[in-house]
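Visitor: Pasting a structure below so you can have a look.
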Amino acid sequence: MKIFHCDHCGHLLFFENTECVGCHHRVAYLPDLQLVGSLDPDGEETWRSPLPQAVTRYRLCHNDKTEGICNWAVTADDDNALCMSCRITRVIPNLAEPANRAAWYRLEAAKRRLLFTLIELGLPLANRMGDPVRGLTFQFLADVDAGGGRVLTGHVDGVITVNIAEADDAERERRRTTMLEPYRTLLGHMRHESGHYYWDRLIRDTSELEEFRSLFGDERVDYAESLKTHYERGAPADWQTRFVSAYSSSHPWEDWAETWAHYLHMVDTLETAAACGLSLKPHRLDEPALPETPQPVSPQPAAFERLIDSWFPLTYVLNNLNRGLGLIDAYPFVLSPAAVAKLCFVDAVAGRSAKYKVESTK
């Protein structure tokens with residue numbers, strides 16, 4: 001994630017801001033410029049950015065004006081009332097339930113962070129309404145929507161479903177401890193499920209499939225039976241030498257999705273560290289050092305080694321800072337050489353796919 005500043009007063013802005021706390025100007029994420037910027041009124045429904053590179057007027061997303069859920073703008077010449085993020089969601093929680101509005105906000109905020117990274121990486125991103133075959137869409141459902149059953153978070157044919165209970169911090173922590181997971185977040189769910197979507201887009205029926213199988217295994221092994229075995233027996237004793245997480249060992253598809261999610265974690269966190277000017281200069285030469293953090297938002301093979309070299313010292317300081325605050329480790333994982341090789345493959349696939357223009361989400 002980049003660091004943003006108000007165009008009027010220079011005050012620091014966060015990705016989720018709707019107002020500058022310094023000068024109180026309206027701010028929004030401007031997708032065509034890929035930044036959070038201030039807006040000046042320019043008509044009854046339109047706004048204008050003071051930035052010289054802004055060549056169009058904007059409208060606020062309908063979900064901001066009516067629901068206070070979104071902070072992304074829409075270019076004034078776009079006929080869709082929703083921003084490019086909100087229009088990818090096809091089912092929202094039932095707002096007749098008061099608690100669901102807060103859950104919806106958290107879900108959309110996590111999804112916007114996911115989309116920001118996908119757009120920066122130049123990955124193909126099409127709305128399912130415009131591309132029923134290859135497009136992506138989200139649906140946020142509660143268990144009551146399942147007719148007495150449970151809504152399972154997952155991906156099927158371009159549709160990512162997230163159980164809105166995951167937006168409840170207490171419930172998500174209960175599930176994390178019940179399932180013996182070291183890490184469980186809304187953004188993690190979004191990144192993992194997007195990995196399944198991009199396996200279909202970037203691996204299935206492509207020249208990448210042979211190398212995928214050499215690293216992750218043969219995905220043609222029965223998926224349902226593999227998950228059943230995993231939940232009954234757990235991960236193999238040596239899983240840490242081969243996988244990024246215990247769940248990765250359940251099936252090659254899950255291994256890919258977990259590795260993909262880790263790659264997005266790394267890209268986003270390292271870019272944020274770089275934008276903040278973070279560096280580590282330890283007193284001892286044998287301690288992790290981070291003299292200059294790269295900004296790995298345009299994946300290429302030559303940059304992957306630098307990405308990994310920066311990641312290890314960064315996680316060292318993140319985990320130590322969390323422990324100092326009495327929190328669990330921010331990154332409770334250990335990357336083996338085998339896991340790093342899989343991450344390198346993800347980086348290469350993402351880089352090769354970036355040659356394609358990001359598709360319209362109209």
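Numbering starts fresh at 1 for the residues of each chain in the structure tokens, the chains themselves are lettered A, B, ... in the order given, and ligands are numbered from 1 as they appear.
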Please identify every residue of region 117-201 of chain A that has at least one atom no farther than 12 Å from an atom of region 235-256 of chain A, counting only C-alpha atoms, and for each give the shortest atom pair and the distance in Å to one decimal, arranged by chain then increasing number, as a Markdown table.
Guide:
```
| residue | atom | partner | partner_atom | distance |
| --- | --- | --- | --- | --- |
| A:Gly154 | CA | A:Glu254 | CA | 10.9 |
| A:His155 | CA | A:Glu254 | CA | 11.3 |
| A:Met179 | CA | A:Tyr247 | CA | 10.2 |
| A:Leu180 | CA | A:Ala246 | CA | 9.7 |
| A:Glu181 | CA | A:Ala246 | CA | 8.5 |
| A:Pro182 | CA | A:Ser245 | CA | 9.0 |
| A:Tyr183 | CA | A:Ser245 | CA | 9.7 |
| A:Arg184 | CA | A:Ser245 | CA | 11.9 |
| A:Arg191 | CA | A:Trp256 | CA | 11.4 |
| A:His192 | CA | A:Glu254 | CA | 8.5 |
| A:Glu193 | CA | A:Glu254 | CA | 9.4 |
| A:Ser194 | CA | A:Trp256 | CA | 10.6 |
| A:Gly195 | CA | A:Trp256 | CA | 6.9 |
| A:His196 | CA | A:Trp253 | CA | 7.1 |
| A:Tyr197 | CA | A:Trp253 | CA | 10.5 |
| A:Tyr198 | CA | A:Trp256 | CA | 9.7 |
| A:Trp199 | CA | A:Trp256 | CA | 7.7 |
| A:Asp200 | CA | A:Trp253 | CA | 10.1 |
```
Visitor: Do you know which residues are at most 6 Å from region 9-25 of chain A counting only C-alpha atoms, after dropping those on the same chain fewer than 4 positions away, and could you put them as a count of residues only?
Guide: 3
Visitor: Fewer than 4 positions away in the same chain doesn't count, so skip those; otherwise give me all residues within 6 Å of region 41-50 of chain A, counting only C-alpha atoms, as a list in words.
Guide: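 Within the cut-off, the hits are Arg57, Tyr58 and Arg59 of chain A.
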Visitor: Could you write out the selected residues, including C-alpha atoms, as an mmCIF file, in the first residue's frame?
Guide:
```
data_model
loop_
_atom_site.group_PDB
_atom_site.id
_atom_site.type_symbol
_atom_site.label_atom_id
_atom_site.label_comp_id
_atom_site.auth_asym_id
_atom_site.auth_seq_id
_atom_site.Cartn_x
_atom_site.Cartn_y
_atom_site.Cartn_z
ATOM 1 C CA ARG A 57 -14.552 15.027 -12.875
ATOM 2 C CA TYR A 58 -15.789 12.499 -10.326
ATOM 3 C CA ARG A 59 -18.900 11.353 -8.551
#
```
Visitor: Nearest to Asp77 (chain A) among A:Asn63, A:Thr56, A:Thr269, A:Thr177, with distances taken over only C-alpha atoms: which residue is it?
Guide: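 Nearest to Asp77 (chain A): A:Thr56.
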Visitor: To one decimal in Å, tell me the separation between CA of Ser38 (chain A) and CA of His8 (chain A).
Guide: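 Atom-to-atom, CA of Ser38 (chain A) and CA of His8 (chain A) are spaced 7.2 Å apart.
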Visitor: Tell me, as a list in words, which residues lie within 7 Å of region 134-140 of chain A, counting only C-alpha atoms; anything in the same chain fewer than 4 positions away does not count.
Guide: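 Selected residues are Ile88, Thr89, Arg90, Val91, Ile92, Pro93, Ala126, Asn127, Arg128, Gly158, Val159, Ile160, Thr161, Val162, Asn163 and Ile164 of chain A.
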Visitor: Please produce a file of the residues just selected, as a short mmCIF file (atom, residue, chain, number, x, y, z; two decimals), in the first residue's frame, where the atoms kept are N, CA and C atoms.
Guide:
```cif
data_model
loop_
_atom_site.label_atom_id
_atom_site.label_comp_id
_atom_site.auth_asym_id
_atom_site.auth_seq_id
_atom_site.Cartn_x
_atom_site.Cartn_y
_atom_site.Cartn_z
N ILE A 88 -18.43 -5.08 -8.12
CA ILE A 88 -18.01 -6.47 -8.17
C ILE A 88 -18.73 -7.30 -7.11
N THR A 89 -19.34 -6.65 -6.11
CA THR A 89 -20.13 -7.35 -5.11
C THR A 89 -21.56 -7.50 -5.62
N ARG A 90 -22.02 -8.75 -5.73
CA ARG A 90 -23.38 -8.95 -6.25
C ARG A 90 -24.40 -9.25 -5.15
N VAL A 91 -23.94 -9.66 -3.97
CA VAL A 91 -24.86 -9.90 -2.86
C VAL A 91 -24.27 -9.28 -1.60
N ILE A 92 -25.03 -8.39 -0.98
CA ILE A 92 -24.59 -7.76 0.27
C ILE A 92 -25.39 -8.34 1.43
N PRO A 93 -24.94 -8.15 2.66
CA PRO A 93 -25.71 -8.67 3.80
C PRO A 93 -27.07 -8.00 3.91
N ALA A 126 -11.76 -8.69 -14.31
CA ALA A 126 -13.00 -8.39 -15.02
C ALA A 126 -14.19 -8.63 -14.11
N ASN A 127 -15.20 -7.78 -14.25
CA ASN A 127 -16.45 -7.94 -13.52
C ASN A 127 -17.26 -9.06 -14.15
N ARG A 128 -17.84 -9.91 -13.31
CA ARG A 128 -18.60 -11.05 -13.84
C ARG A 128 -19.82 -10.62 -14.64
N GLY A 158 -15.40 -18.25 -10.29
CA GLY A 158 -15.36 -16.80 -10.30
C GLY A 158 -16.22 -16.12 -9.26
N VAL A 159 -16.93 -16.89 -8.44
CA VAL A 159 -17.76 -16.33 -7.37
C VAL A 159 -17.09 -16.59 -6.03
N ILE A 160 -16.69 -15.53 -5.35
CA ILE A 160 -16.09 -15.64 -4.03
C ILE A 160 -17.17 -15.35 -2.99
N THR A 161 -17.41 -16.32 -2.13
CA THR A 161 -18.40 -16.19 -1.06
C THR A 161 -17.68 -16.05 0.27
N VAL A 162 -18.12 -15.09 1.07
CA VAL A 162 -17.56 -14.91 2.41
C VAL A 162 -18.70 -14.89 3.41
N ASN A 163 -18.61 -15.73 4.42
CA ASN A 163 -19.58 -15.73 5.51
C ASN A 163 -19.38 -14.46 6.33
N ILE A 164 -20.45 -13.68 6.51
CA ILE A 164 -20.30 -12.39 7.18
C ILE A 164 -19.92 -12.54 8.65
#
```
Visitor: Between A:Ser279, A:Gln34, A:Pro337, A:Ala330, which residue has the minimum interatomic distance to Gly122 (chain A), considering only C-alpha atoms?
Guide: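 Ranked by minimum distance to Gly122 (chain A), first place goes to A:Gln34.
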Visitor: Can you check which residues of region 20-161 of chain A DSSP gives as strand (DSSP E or B) on the backbone and send them as a PyMOL selection string?
Guide: chain A and resi 26-30+35-41+47-48+57-60+72-75+89-91+127+136-141+154-156+159-161
